[in-house]
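Visitor: Questions regarding the structure given below will be posed in turn.
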2 protein chains.
Amino acid sequence: MRYFVLSFLIALAVTPLALAQEERLLGFRRESERAQRELEAKLQAIPNPDNLREYMKLLSARPHHVGSPYDRENAEWILSKFKEWGFEAEIETFDVLFPTPKTRIVELVAPTSFKARLDEPVLAVDPTSDQKSEQLPTYNAYSRDGDVEAPLVYVNYGLPADYERLERLGVSVKGAIVIARYGMSWRGIKPKVAAEHGAVGCLIYSDPRDDGYFGGKVFPDGPMRPRDGVQRGSVMDAPLYPGDPLTPGVGATKDAQRLTVAEAPTLTKIPTLPISYGDAQPLLEALGGPIAPVEWRGALPITYHVGPGPAKVHLEVEANWDIKPVHNVIARIRGAVHPDEWILRGNHHDAWVNGAEDPVSAMVVMLEEARALGTLLKEGWRPNRTIIYCAWDGEEPMLLGSTEWAEAHAEELRQHAVAYVNSDGNGRGYLSMGGSHTLQTFINGVAREVTDPESEVSVVRREQLRRIARATTPEAREDLRRRTDLTIDALGSGTDYTAFLDHLGIASLDLAYGGEDEGGIYHSIYDDFYWYERFSDTDFVYGRALAQTVSTAVVRLAGAEILPFDFEALAQTVRGYARELKALHESRQMEVRERNLQIEEGLFQATFDPRRPIVPPPKEDVPPHLNFAPMDNAIDLLEKSAGRYAAAADSALSSDEPLPADAVRALNQKLKESERRLTSPEGLPRRPWFKHLLYAPGVYTGYDVKTVPGVREAIEQKRYAEANDEIVRVARALENEAALVDSAASDLEAIRK
Amino acid sequence: MRYFVLSFLIALAVTPLALAQEERLLGFRRESERAQRELEAKLQAIPNPDNLREYMKLLSARPHHVGSPYDRENAEWILSKFKEWGFEAEIETFDVLFPTPKTRIVELVAPTSFKARLDEPVLAVDPTSDQKSEQLPTYNAYSRDGDVEAPLVYVNYGLPADYERLERLGVSVKGAIVIARYGMSWRGIKPKVAAEHGAVGCLIYSDPRDDGYFGGKVFPDGPMRPRDGVQRGSVMDAPLYPGDPLTPGVGATKDAQRLTVAEAPTLTKIPTLPISYGDAQPLLEALGGPIAPVEWRGALPITYHVGPGPAKVHLEVEANWDIKPVHNVIARIRGAVHPDEWILRGNHHDAWVNGAEDPVSAMVVMLEEARALGTLLKEGWRPNRTIIYCAWDGEEPMLLGSTEWAEAHAEELRQHAVAYVNSDGNGRGYLSMGGSHTLQTFINGVAREVTDPESEVSVVRREQLRRIARATTPEAREDLRRRTDLTIDALGSGTDYTAFLDHLGIASLDLAYGGEDEGGIYHSIYDDFYWYERFSDTDFVYGRALAQTVSTAVVRLAGAEILPFDFEALAQTVRGYARELKALHESRQMEVRERNLQIEEGLFQATFDPRRPIVPPPKEDVPPHLNFAPMDNAIDLLEKSAGRYAAAADSALSSDEPLPADAVRALNQKLKESERRLTSPEGLPRRPWFKHLLYAPGVYTGYDVKTVPGVREAIEQKRYAEANDEIVRVARALENEAALVDSAASDLEAIRK
């Protein structure tokens with residue numbers, strides 16, 4: 001089949017539709033495949049860009065953050081639409097801690113004085129920018145209250161590596177207020193790392209280099225961030241656990257046992273506030289000390305210095321620490337054949353302000369998918385499996401709605417959930433696919449049948465060609481041309497799949513189009529319908545493409561005879577991770593060896609520049625060798641059983657007769673288990689909520705994934721005994737996975753006999 | 001000896017002085033070596049930073065460009081000092097074309113209007129910035145006169161690759177005025193390439209990203225370029241030939257035959273003017289069209305667009321096309337043993353304005369060297385060979401003084417010159433060494449005995465450690481640690497060695513310290529004593545180090561029994577060039593093959609973004625294979641004879657008895673010839689003035705060298721038949737060189753018998 005798909009890909013540019021019929025659907029026999037294809041063709045014709053526009057206009061008409069009147073109104077409206085389209089739907093409410101601002105002060109008190117504006121101006125041309133009474137002021141949710149005055153230090157993006165650099169420059173942030181720029185990590189990492197280094201306050205600003213005028217004209221003349229635009233956002237310590245800070249691991253129901261606010265470990269340790277580049281410039285300009293390293297310098301027309309001082313800043317933050325309701329809309333279509341096998345689909349509906357792009361651009365896609373399914377329902381179609389559509393509330397403060405729902409329903413989800421498909425915003429451009437690697441083959445198969453609105457080739461082919469265009473080595477290009485499927489990204493966090501994948505071990509996907517347009521309105525009052533209709537997917541054709549992609553995935557997952565997991569892709573991916581981990585460890589060893597040698601040969605003294613003094617690094621022990629063998633052996637096992645399973649499934653599905661119902665049900669129950677096997681009940685070291693052993697957001701990245709996180713972060717954080725232990729834990733999980741896959745293969749081989 | 005030197009290097013960090021005695025001096029017998037070392041130790045103790053400061057104060061007290069009263073006064077003063085120190089000295093004057101500004105207008109005429117200031121403001125704290133009546137206005141010398149009005153296009157640095165990028169963006173400069181930023185090439189390349197693409201005018205501005213506030217505080221608060229600071233400079237087509245545009249190839253004496261100004265081929269084809277970033281910002285801000293590629297964007301607080309238009313610019317340039325005198329000061333110490341073997345040493349004395357850094361910081365070093373030699377003369381020392389110190393005039397307009405002198409004295413120089421040692425400005429930091437690779441071993445030996453003022457290790461060791469610190473691969477670091485000598489840079493152009501090395505084939509060196517301080521006063525009125533004493537080599541200790549380095553090189557060249565050329569270093573270097581050329585050609589082939597494949601597979605259509613349209617590249621023929629064999633064979637020959645020569649020299653110099661005078665004289669005559677053998681009387685294709693086959697400034701780089709230029713530029717410019725022919729020419733030259741070296745080895749072997 002692989003060879004076949006390759007030639008299919010090559011031919012695709014010429015006659016995509018004629019040949020698209022030729023690809024086998026994973027998990028279907030030829031006979032059932034035909035009906036499925038007809039269904040999907042019908043489904044793909046339904047989504048209508050005009051509807052997407054209308055839904056967006058309505059949902060983004062007013063600010064609709066957690067606890068706001070319009071948040072509730074939106075939930076009610078979404079509920080009514082699901083019902084109208086034939087879903088069994090309800091609103092499920094949880095009560096969560098959601099702080100809103102009471103006091104916000106940032107002022108330069110020395111060497112000159114300046115008071116930050118902390119306000120995004122109304123723009124006459126933008127009709128929703130003036131809804132001041134309903135807008136949340138600019139702030140970082142879950143910042144601890146505080147009132148501090150201290151010298152300022154510029155810390156670049158505020159990542160651990162930036163603090164190492166500061167150390168080399170001889171600059172400490174102890175007792176200082178840091179100013180970090182947005183970007184390169186989940187924002188909550190910045191106050192966390194600052195506090196670990198002894199800072200007493202944290203400002204986060206949007207540098208025009210990153211999403212302001214450097215990238216294009218600013219709003220309203222262009223899509224980029226204007227000088228007073230501010231990125232709101234949560235700064236809780238989400239890599240510890242997301243969701244309501246007061247109810248870790250359990251649903252935030254009315255009667256749930258709660259921590260006090262003072263006990264909640266995910267609040268920041270220091271007061272934190274976001275500011276615009278208009279407000280940041282006078283602060284940065286007042287800094288002395290060493291000149292910032294070249295890569296730290298942004299696009300403000302100043303010389304970037306690091307400090308500390310003479311700039312001294314007064315920062316005061318106080319919140320209303322209220323409990324607020326989050327309203328999840330949960331809508332079901334009961335499966336006709338396997339009602340106990342659940343296909344979940346979600347997108348959040350809350351926003352920081354009007355949120356046309358985030359999240360409404362994809363929320364409306366999900367609604368249009370639901371309308372399409374409703375249309376089929378009216379024509380008499382019923383899915384084999386149960387389909388559950390979820391419009392989450394409270395995603396912005398950090399996955400409140402989805403996390404509390406997943407925690408509250410943990411047991412039944414572990415029992416019934418097959419897969420969770422997420423989205424969270426959509427734009428013009430390329431399909432990005434992230435998810436569990438057992439679903440890599442499946443989602444490629446789906447996406448190959450969606451046509452890109454601009455280029456008229458398949459969205460997979462288009463992305464493949466973009467990757468070829470961006471590849472920097474002949475080897476990388478050759479590999480890209482050779483493979484049948486696009487590799488999909490491992491998932492980190494920052495959106496609603498987190499509880500499903502990382503906490504419950506449910507195979508997940510995250511899908512979106514984008515990458516052709518830049519923007520600088522993220523989490524500001526300017527993320528609204530006026531902006532979206534002018535600068536993003538203006539005719540909503542990429543919205544339609546996403547609706548086609550996801551609805552096809554949903555009905556294909558709901559209809560497959562054998563659940564479409566591919567363990568060969570998983571084994572191959574984990575093999576790659578093992579290679580990466582060894583390379584990472586070796587490069588750390590080499591780095592330390594080299595630095596020690598440089599210290600010995602006097603490199604740092606000899607190249608010392610008295611006008612730009614640096615503190616030489618200390619000598620370190622070379623990291624010991626690690627035992628990767630258990631993991632390598634387990635991957636060998638997994639690879640073998642994956643191959644056996646693929647052959648058995650292929651053979652079973654080439655049967656002309658229907659497969660025996662009970663045997664298939666038992667088989668699918670095993671397959672559903674497969675992602676669970678990759679988790680551990682104890683979770684990751686020091687963060688037990690995160691149970692997946694292959695994927696997690698990094699402790700110091702927040703959004704970005706760390707694959708094989710127990711091992712990788714142990715290496716990165718120099719805990720080598722732990723690294724060896726984690727290798728063993730991962731190996732055990734992979735062995736268990738291999739055993740499950742082997743047993744599924746046995747079952748299939750038995751069916752065939 | 002190599003092994004020995006390595007252990008010397010490793011030990012150096014511990015006890016540099018004790019061990020420094022151990023290294024053999026190239027070209028000396030042990031006995032003569034001892035006297036030479038004593039001489040050099042004496043010499044190194046003489047240079048005095050206070051003198052350097054005093055000379056600088058005097059020489060930079062007033063503007064002293066070509067034709068100015070103070071230029072003449074400086075020449076007279078320098079002459080008097082040489083005479084005072086015991087040199088036979090004289091001023092040798094040539095008459096050259098030197099245009100000065102009559103009219104200069106830059107204005108934005110649409111969509112809004114703005115008139116450029118074109119003037120550098122007086123700064124109250126800077127005592128020489130107010131010498132308005134003597135300062136040359138900001139302009140580019142040798143711009144053709146013109147008066148044009150046209151739409152503006154931003155062309156980044158204005159290099160050929162930038163125009164390829166513009167083509168992909170669908171932007172033409174035909175009939176437009178281009179605005180290019182300074183940097184990445186000799187400035188004269190910018191109007192040349194612009195004109196080749198059909199532009200009608202050229203503005204060159206200093207972006208704050210490159211030498212303004214991005215790099216540090218601006219003058220007078222810091223060393224960087226202030227908003228109205230402008231870089232003056234020549235824009236003649238120097239890669240065709242430098243020096244007086246009216247007298248190519250001959251000295252510009254009173255009666256020389258001259259071209260008319262209209263005939264002179266090195267003048268620009270379009271009017272050109274430099275501007276400040278203060279003047280550039282309104283022009284760039286008024287541009288529409290595509291957003292500039294990320295790497296094109298500078299540090300102005302604007303969104304960089306490419307144009308063309310709506311910005312429309314009026315540019316008017318008119319010059320006084322006068323003939324002006326250049327006054328070279330030539331000072332000699334006649335050699336006591338070999339008066340017909342000349343060691344040349346030069347630095348220019350003219351500046352664009354006050355020129356404290358460029359060129360006075362190194363001109364004063366040369367004077368202090370002369371004083372040191374004078375001191376030895378007074379103690380009765382006489383060099384074996386003739387030493388000639390040259391203070392050039394007219395370097396800034398493009399090597400006028402040195403080129404005309406070298407052309408006028410071509411015959412005797414070809415006959416007598418052993419080597420030319422150049423400098424042109426000095427700062428704080430690392431020794432940079434460029435030159436003929438036959439002198440690589442020699443100059444490393446000299447520099448190993450100079451101690452860095454900041455780190456107290458040898459300047460060679462310090463630079464070696466810097467290279468290790470900057471290397472990006474373990475292989476590169478290993479190579480750096482393994483080698484005994486630092487590789488020296490091949491020479492391009494932009495300063496006074498050009499006529500000696502490239503036109504006459506005289507082995508040359510170019511030496512300077514620098515790299516620790518940034519600055520943005522280059523060719524502005526702010527390059528003055530006030531700036532230099534605050535922001536550069538403030539206590540003149542690197543000036544002393546350069547005096548120690550160069551004077552040691554001069555007396556060692558003047559005193560060696562056998563001229564200290566090392567042909568193994570040459571062979572090794574050329575072997576590296578051959579490798580580079582093959583890799584360059586292969587990468588071109590791969591590039592074309594890959595691009596053709598991308599065109600065939602529909603990559604450009606599939607990734608086309610209608611909001612950012614690009615023009616796909618055309619299909620091209622894959623470059624044919626080239627025959628590198630003649631060059632490889634010639635390098636084998638050279639390597640063999642170089643090895644034979646090194647062994648023979650080693651053996652001859654280990655003799656206890658003096659070497660027979662006549663035989664040595666004949667041998668040295670051959671060695672002197674060795675650099676000449678690397679030239680061809682016909683010169684390079686389309687630029688016969690440049691005769692060296694291994695080194696030349698690039699036709700499209702201007703400063704930066706193209707090694708093996710005939711071959712390299714033929715490949716780069718897609719003339720493959722020419723590339724094959726040039727390989728053969730280079731091979732012939734290398735074979736001739738090998739024959740010369742072989743014959744020198746025979747002579748030495750005969751001496752030893």
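Each chain in the structure tokens gets a letter, A, B, ..., in the order shown, and its residues are numbered from 1; ligands are numbered from 1 in order too.
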Identify all chain B residues at most 7 Å from chain A by counting only C-alpha atoms; ligands do not count. Present them as a JSON list (two decimals) with N, CA and C atoms, in the first residue's frame.
Guide:
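Below you can see iface_38.json, which holds the result:
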```
[["chain", "number", "residue", "atom", "x", "y", "z"],
["B", 213, "TYR", "N", 21.94, 52.96, 16.28],
["B", 213, "TYR", "CA", 21.55, 52.66, 17.67],
["B", 213, "TYR", "C", 21.34, 51.19, 17.95],
["B", 214, "PHE", "N", 21.10, 50.38, 16.94],
["B", 214, "PHE", "CA", 20.93, 48.95, 17.19],
["B", 214, "PHE", "C", 22.18, 48.38, 17.87],
["B", 215, "GLY", "N", 23.34, 48.89, 17.50],
["B", 215, "GLY", "CA", 24.60, 48.34, 18.01],
["B", 215, "GLY", "C", 25.09, 48.99, 19.30],
["B", 216, "GLY", "N", 24.49, 50.11, 19.70],
["B", 216, "GLY", "CA", 24.97, 50.79, 20.90],
["B", 216, "GLY", "C", 24.51, 52.23, 20.90],
["B", 217, "LYS", "N", 24.82, 52.93, 21.96],
["B", 217, "LYS", "CA", 24.41, 54.34, 22.05],
["B", 217, "LYS", "C", 25.10, 55.14, 20.94],
["B", 291, "ILE", "N", 6.06, 43.80, 1.17],
["B", 291, "ILE", "CA", 6.88, 43.94, 2.38],
["B", 291, "ILE", "C", 8.27, 43.37, 2.10],
["B", 299, "ALA", "N", 16.61, 48.57, 11.32],
["B", 299, "ALA", "CA", 16.18, 48.87, 12.69],
["B", 299, "ALA", "C", 15.40, 50.17, 12.78],
["B", 300, "LEU", "N", 14.97, 50.72, 11.66],
["B", 300, "LEU", "CA", 14.09, 51.89, 11.74],
["B", 300, "LEU", "C", 12.72, 51.43, 12.23],
["B", 301, "PRO", "N", 12.00, 52.29, 12.97],
["B", 301, "PRO", "CA", 10.71, 51.87, 13.53],
["B", 301, "PRO", "C", 9.59, 51.99, 12.50],
["B", 302, "ILE", "N", 9.76, 51.27, 11.41],
["B", 302, "ILE", "CA", 8.80, 51.31, 10.31],
["B", 302, "ILE", "C", 8.62, 49.89, 9.77],
["B", 303, "THR", "N", 7.58, 49.71, 8.97],
["B", 303, "THR", "CA", 7.47, 48.47, 8.20],
["B", 303, "THR", "C", 8.23, 48.70, 6.89],
["B", 455, "SER", "N", 45.27, 40.75, 27.58],
["B", 455, "SER", "CA", 45.26, 39.40, 28.16],
["B", 455, "SER", "C", 46.65, 38.92, 28.54],
["B", 457, "VAL", "N", 48.67, 37.36, 26.84],
["B", 457, "VAL", "CA", 49.16, 36.20, 26.08],
["B", 457, "VAL", "C", 49.55, 36.70, 24.69],
["B", 462, "ARG", "N", 45.87, 34.48, 21.42],
["B", 462, "ARG", "CA", 44.58, 35.08, 21.72],
["B", 462, "ARG", "C", 43.62, 34.91, 20.55],
["B", 465, "LEU", "N", 42.43, 31.35, 20.25],
["B", 465, "LEU", "CA", 41.38, 31.02, 21.23],
["B", 465, "LEU", "C", 40.05, 31.67, 20.83],
["B", 466, "ARG", "N", 40.11, 32.86, 20.26],
["B", 466, "ARG", "CA", 38.87, 33.46, 19.78],
["B", 466, "ARG", "C", 38.26, 32.61, 18.68],
["B", 603, "LEU", "N", 5.80, 22.89, -7.47],
["B", 603, "LEU", "CA", 5.97, 23.49, -6.14],
["B", 603, "LEU", "C", 5.57, 24.96, -6.13],
["B", 605, "GLN", "N", 3.55, 26.74, -8.11],
["B", 605, "GLN", "CA", 2.10, 26.97, -8.20],
["B", 605, "GLN", "C", 1.42, 26.58, -6.90],
["B", 606, "ALA", "N", 1.79, 25.43, -6.34],
["B", 606, "ALA", "CA", 1.08, 24.93, -5.16],
["B", 606, "ALA", "C", 1.29, 25.82, -3.95],
["B", 607, "THR", "N", 2.46, 26.45, -3.83],
["B", 607, "THR", "CA", 2.72, 27.26, -2.65],
["B", 607, "THR", "C", 2.51, 28.76, -2.93]]
```
Visitor: Could you pull the residues within 12 Å of B:Ile488, counting only C-alpha atoms, minus those fewer than 2 positions along the same chain, as a list in words?
Guide: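 So the residues in contact are Leu431, Ser432, Met433, Gly434, Gly435, Ser436, His437, Thr438, Leu439, Gln440, Thr441, Phe442, Ile443, Asn444, Ala447, Val460, Glu463, Gln464, Asp485, Leu486, Ala490, Leu491, Ser508, Leu509, Asp510, Leu511, Ala569, Leu570 and Thr573 of chain B.
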Visitor: Can you pull out the residues contacting stretch 253-266 of chain B? Cut-off 8 Å, using only C-alpha atoms, and skip same-chain residues under 2 positions away; I want them as a VMD selection string.
Guide: chain B and resid 93 to 95 236 to 238 240 to 241 245 to 247 250 to 251 268 321 408
Visitor: Those residues with N, CA and C atoms, as a PDB file, in the first residue's frame please?
Guide:
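This went into part.pdb:
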```
ATOM      1  N   THR B  93      54.563  63.860  -5.895  1.00  0.00           N
ATOM      2  CA  THR B  93      53.200  64.341  -6.160  1.00  0.00           C
ATOM      3  C   THR B  93      52.687  63.843  -7.509  1.00  0.00           C
ATOM      4  N   PHE B  94      51.405  63.484  -7.537  1.00  0.00           N
ATOM      5  CA  PHE B  94      50.727  63.125  -8.797  1.00  0.00           C
ATOM      6  C   PHE B  94      49.482  63.996  -8.943  1.00  0.00           C
ATOM      7  N   ASP B  95      48.993  64.083 -10.161  1.00  0.00           N
ATOM      8  CA  ASP B  95      47.835  64.937 -10.427  1.00  0.00           C
ATOM      9  C   ASP B  95      46.663  64.093 -10.879  1.00  0.00           C
ATOM     10  N   MET B 236      33.703  54.808  -7.334  1.00  0.00           N
ATOM     11  CA  MET B 236      34.232  54.440  -8.655  1.00  0.00           C
ATOM     12  C   MET B 236      34.175  52.919  -8.822  1.00  0.00           C
ATOM     13  N   ASP B 237      34.300  52.454 -10.042  1.00  0.00           N
ATOM     14  CA  ASP B 237      34.276  51.008 -10.289  1.00  0.00           C
ATOM     15  C   ASP B 237      35.682  50.446 -10.079  1.00  0.00           C
ATOM     16  N   ALA B 238      36.084  50.390  -8.820  1.00  0.00           N
ATOM     17  CA  ALA B 238      37.461  50.022  -8.487  1.00  0.00           C
ATOM     18  C   ALA B 238      37.827  48.592  -8.870  1.00  0.00           C
ATOM     19  N   LEU B 240      37.398  47.341 -11.562  1.00  0.00           N
ATOM     20  CA  LEU B 240      37.910  47.422 -12.936  1.00  0.00           C
ATOM     21  C   LEU B 240      39.369  47.884 -12.892  1.00  0.00           C
ATOM     22  N   TYR B 241      39.608  49.022 -12.293  1.00  0.00           N
ATOM     23  CA  TYR B 241      40.956  49.426 -11.873  1.00  0.00           C
ATOM     24  C   TYR B 241      40.827  50.547 -10.854  1.00  0.00           C
ATOM     25  N   PRO B 245      41.063  57.769 -12.357  1.00  0.00           N
ATOM     26  CA  PRO B 245      40.255  57.242 -13.462  1.00  0.00           C
ATOM     27  C   PRO B 245      40.782  57.636 -14.843  1.00  0.00           C
ATOM     28  N   LEU B 246      41.594  58.694 -14.905  1.00  0.00           N
ATOM     29  CA  LEU B 246      42.009  59.205 -16.215  1.00  0.00           C
ATOM     30  C   LEU B 246      43.320  58.585 -16.704  1.00  0.00           C
ATOM     31  N   THR B 247      44.038  57.861 -15.818  1.00  0.00           N
ATOM     32  CA  THR B 247      45.360  57.331 -16.210  1.00  0.00           C
ATOM     33  C   THR B 247      45.523  55.859 -15.842  1.00  0.00           C
ATOM     34  N   VAL B 250      49.115  53.750 -15.784  1.00  0.00           N
ATOM     35  CA  VAL B 250      50.339  54.579 -15.777  1.00  0.00           C
ATOM     36  C   VAL B 250      50.245  55.614 -14.666  1.00  0.00           C
ATOM     37  N   GLY B 251      51.389  56.094 -14.222  1.00  0.00           N
ATOM     38  CA  GLY B 251      51.422  57.097 -13.167  1.00  0.00           C
ATOM     39  C   GLY B 251      50.825  58.415 -13.643  1.00  0.00           C
ATOM     40  N   THR B 268      30.634  56.185 -12.061  1.00  0.00           N
ATOM     41  CA  THR B 268      29.337  55.493 -12.018  1.00  0.00           C
ATOM     42  C   THR B 268      28.532  55.826 -13.273  1.00  0.00           C
ATOM     43  N   TRP B 321      34.658  68.919 -11.440  1.00  0.00           N
ATOM     44  CA  TRP B 321      35.541  67.848 -11.923  1.00  0.00           C
ATOM     45  C   TRP B 321      36.972  68.350 -12.053  1.00  0.00           C
ATOM     46  N   ALA B 408      53.821  54.349 -11.610  1.00  0.00           N
ATOM     47  CA  ALA B 408      54.944  55.151 -12.093  1.00  0.00           C
ATOM     48  C   ALA B 408      56.273  54.417 -11.896  1.00  0.00           C
TER      49      ALA B 408
END
```
Visitor: Could you pull the residues within 6 Å of A:Pro99, counting only C-alpha atoms, minus those fewer than 4 positions along the same chain, as a list in words?
Guide: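 After dropping sequence-adjacent residues, the list is Ala319, Asn320, Trp321 and Asp322 of chain A.
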Visitor: Those residues with N, CA and C atoms, as a tab-separated table (two decimals), in the first residue's frame please?
Guide:
```
chain	number	residue	atom	x	y	z
A	319	ALA	N	-6.23	41.55	42.22
A	319	ALA	CA	-7.35	40.95	41.47
A	319	ALA	C	-8.55	40.73	42.38
A	320	ASN	N	-9.73	40.65	41.75
A	320	ASN	CA	-10.91	40.11	42.42
A	320	ASN	C	-10.84	38.59	42.28
A	321	TRP	N	-10.67	37.89	43.39
A	321	TRP	CA	-10.47	36.44	43.32
A	321	TRP	C	-11.82	35.72	43.42
A	322	ASP	N	-12.58	35.82	42.32
A	322	ASP	CA	-13.95	35.30	42.33
A	322	ASP	C	-14.04	33.90	41.75
```
Visitor: Select from stretch 168-223 of chain A everything DSSP, run on the backbone, classes as strand (DSSP E or B), then give the selection as a VMD selection string.
Guide: chain A and resid 177 to 181 201 to 205 218
Visitor: Output C-alpha atoms for every residue in the selection just made, as an mmCIF file, in the first residue's frame.
Guide:
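The new file result-v3.cif reads:
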```cif
data_model
loop_
_atom_site.group_PDB
_atom_site.id
_atom_site.type_symbol
_atom_site.label_atom_id
_atom_site.label_comp_id
_atom_site.auth_asym_id
_atom_site.auth_seq_id
_atom_site.Cartn_x
_atom_site.Cartn_y
_atom_site.Cartn_z
ATOM 1 C CA ILE A 177 11.427 43.443 38.347
ATOM 2 C CA VAL A 178 12.055 41.723 35.033
ATOM 3 C CA ILE A 179 10.707 42.793 31.670
ATOM 4 C CA ALA A 180 10.410 39.926 29.216
ATOM 5 C CA ARG A 181 9.107 39.987 25.693
ATOM 6 C CA GLY A 201 7.842 41.219 39.668
ATOM 7 C CA CYS A 202 7.390 40.508 35.966
ATOM 8 C CA LEU A 203 6.289 42.633 33.027
ATOM 9 C CA ILE A 204 5.626 40.972 29.665
ATOM 10 C CA TYR A 205 5.515 43.176 26.576
ATOM 11 C CA VAL A 218 -0.214 47.895 12.156
#
```
Visitor: Quick one: residues within 12 Å of B:Arg187, only C-alpha atoms counted, chain neighbours fewer than 4 positions away excluded, as a PyMOL selection string?
Guide: chain B and resi 140-143+157-159+180-183+191-194+202-206+231-239+268+272-274+397-398+494+700-704
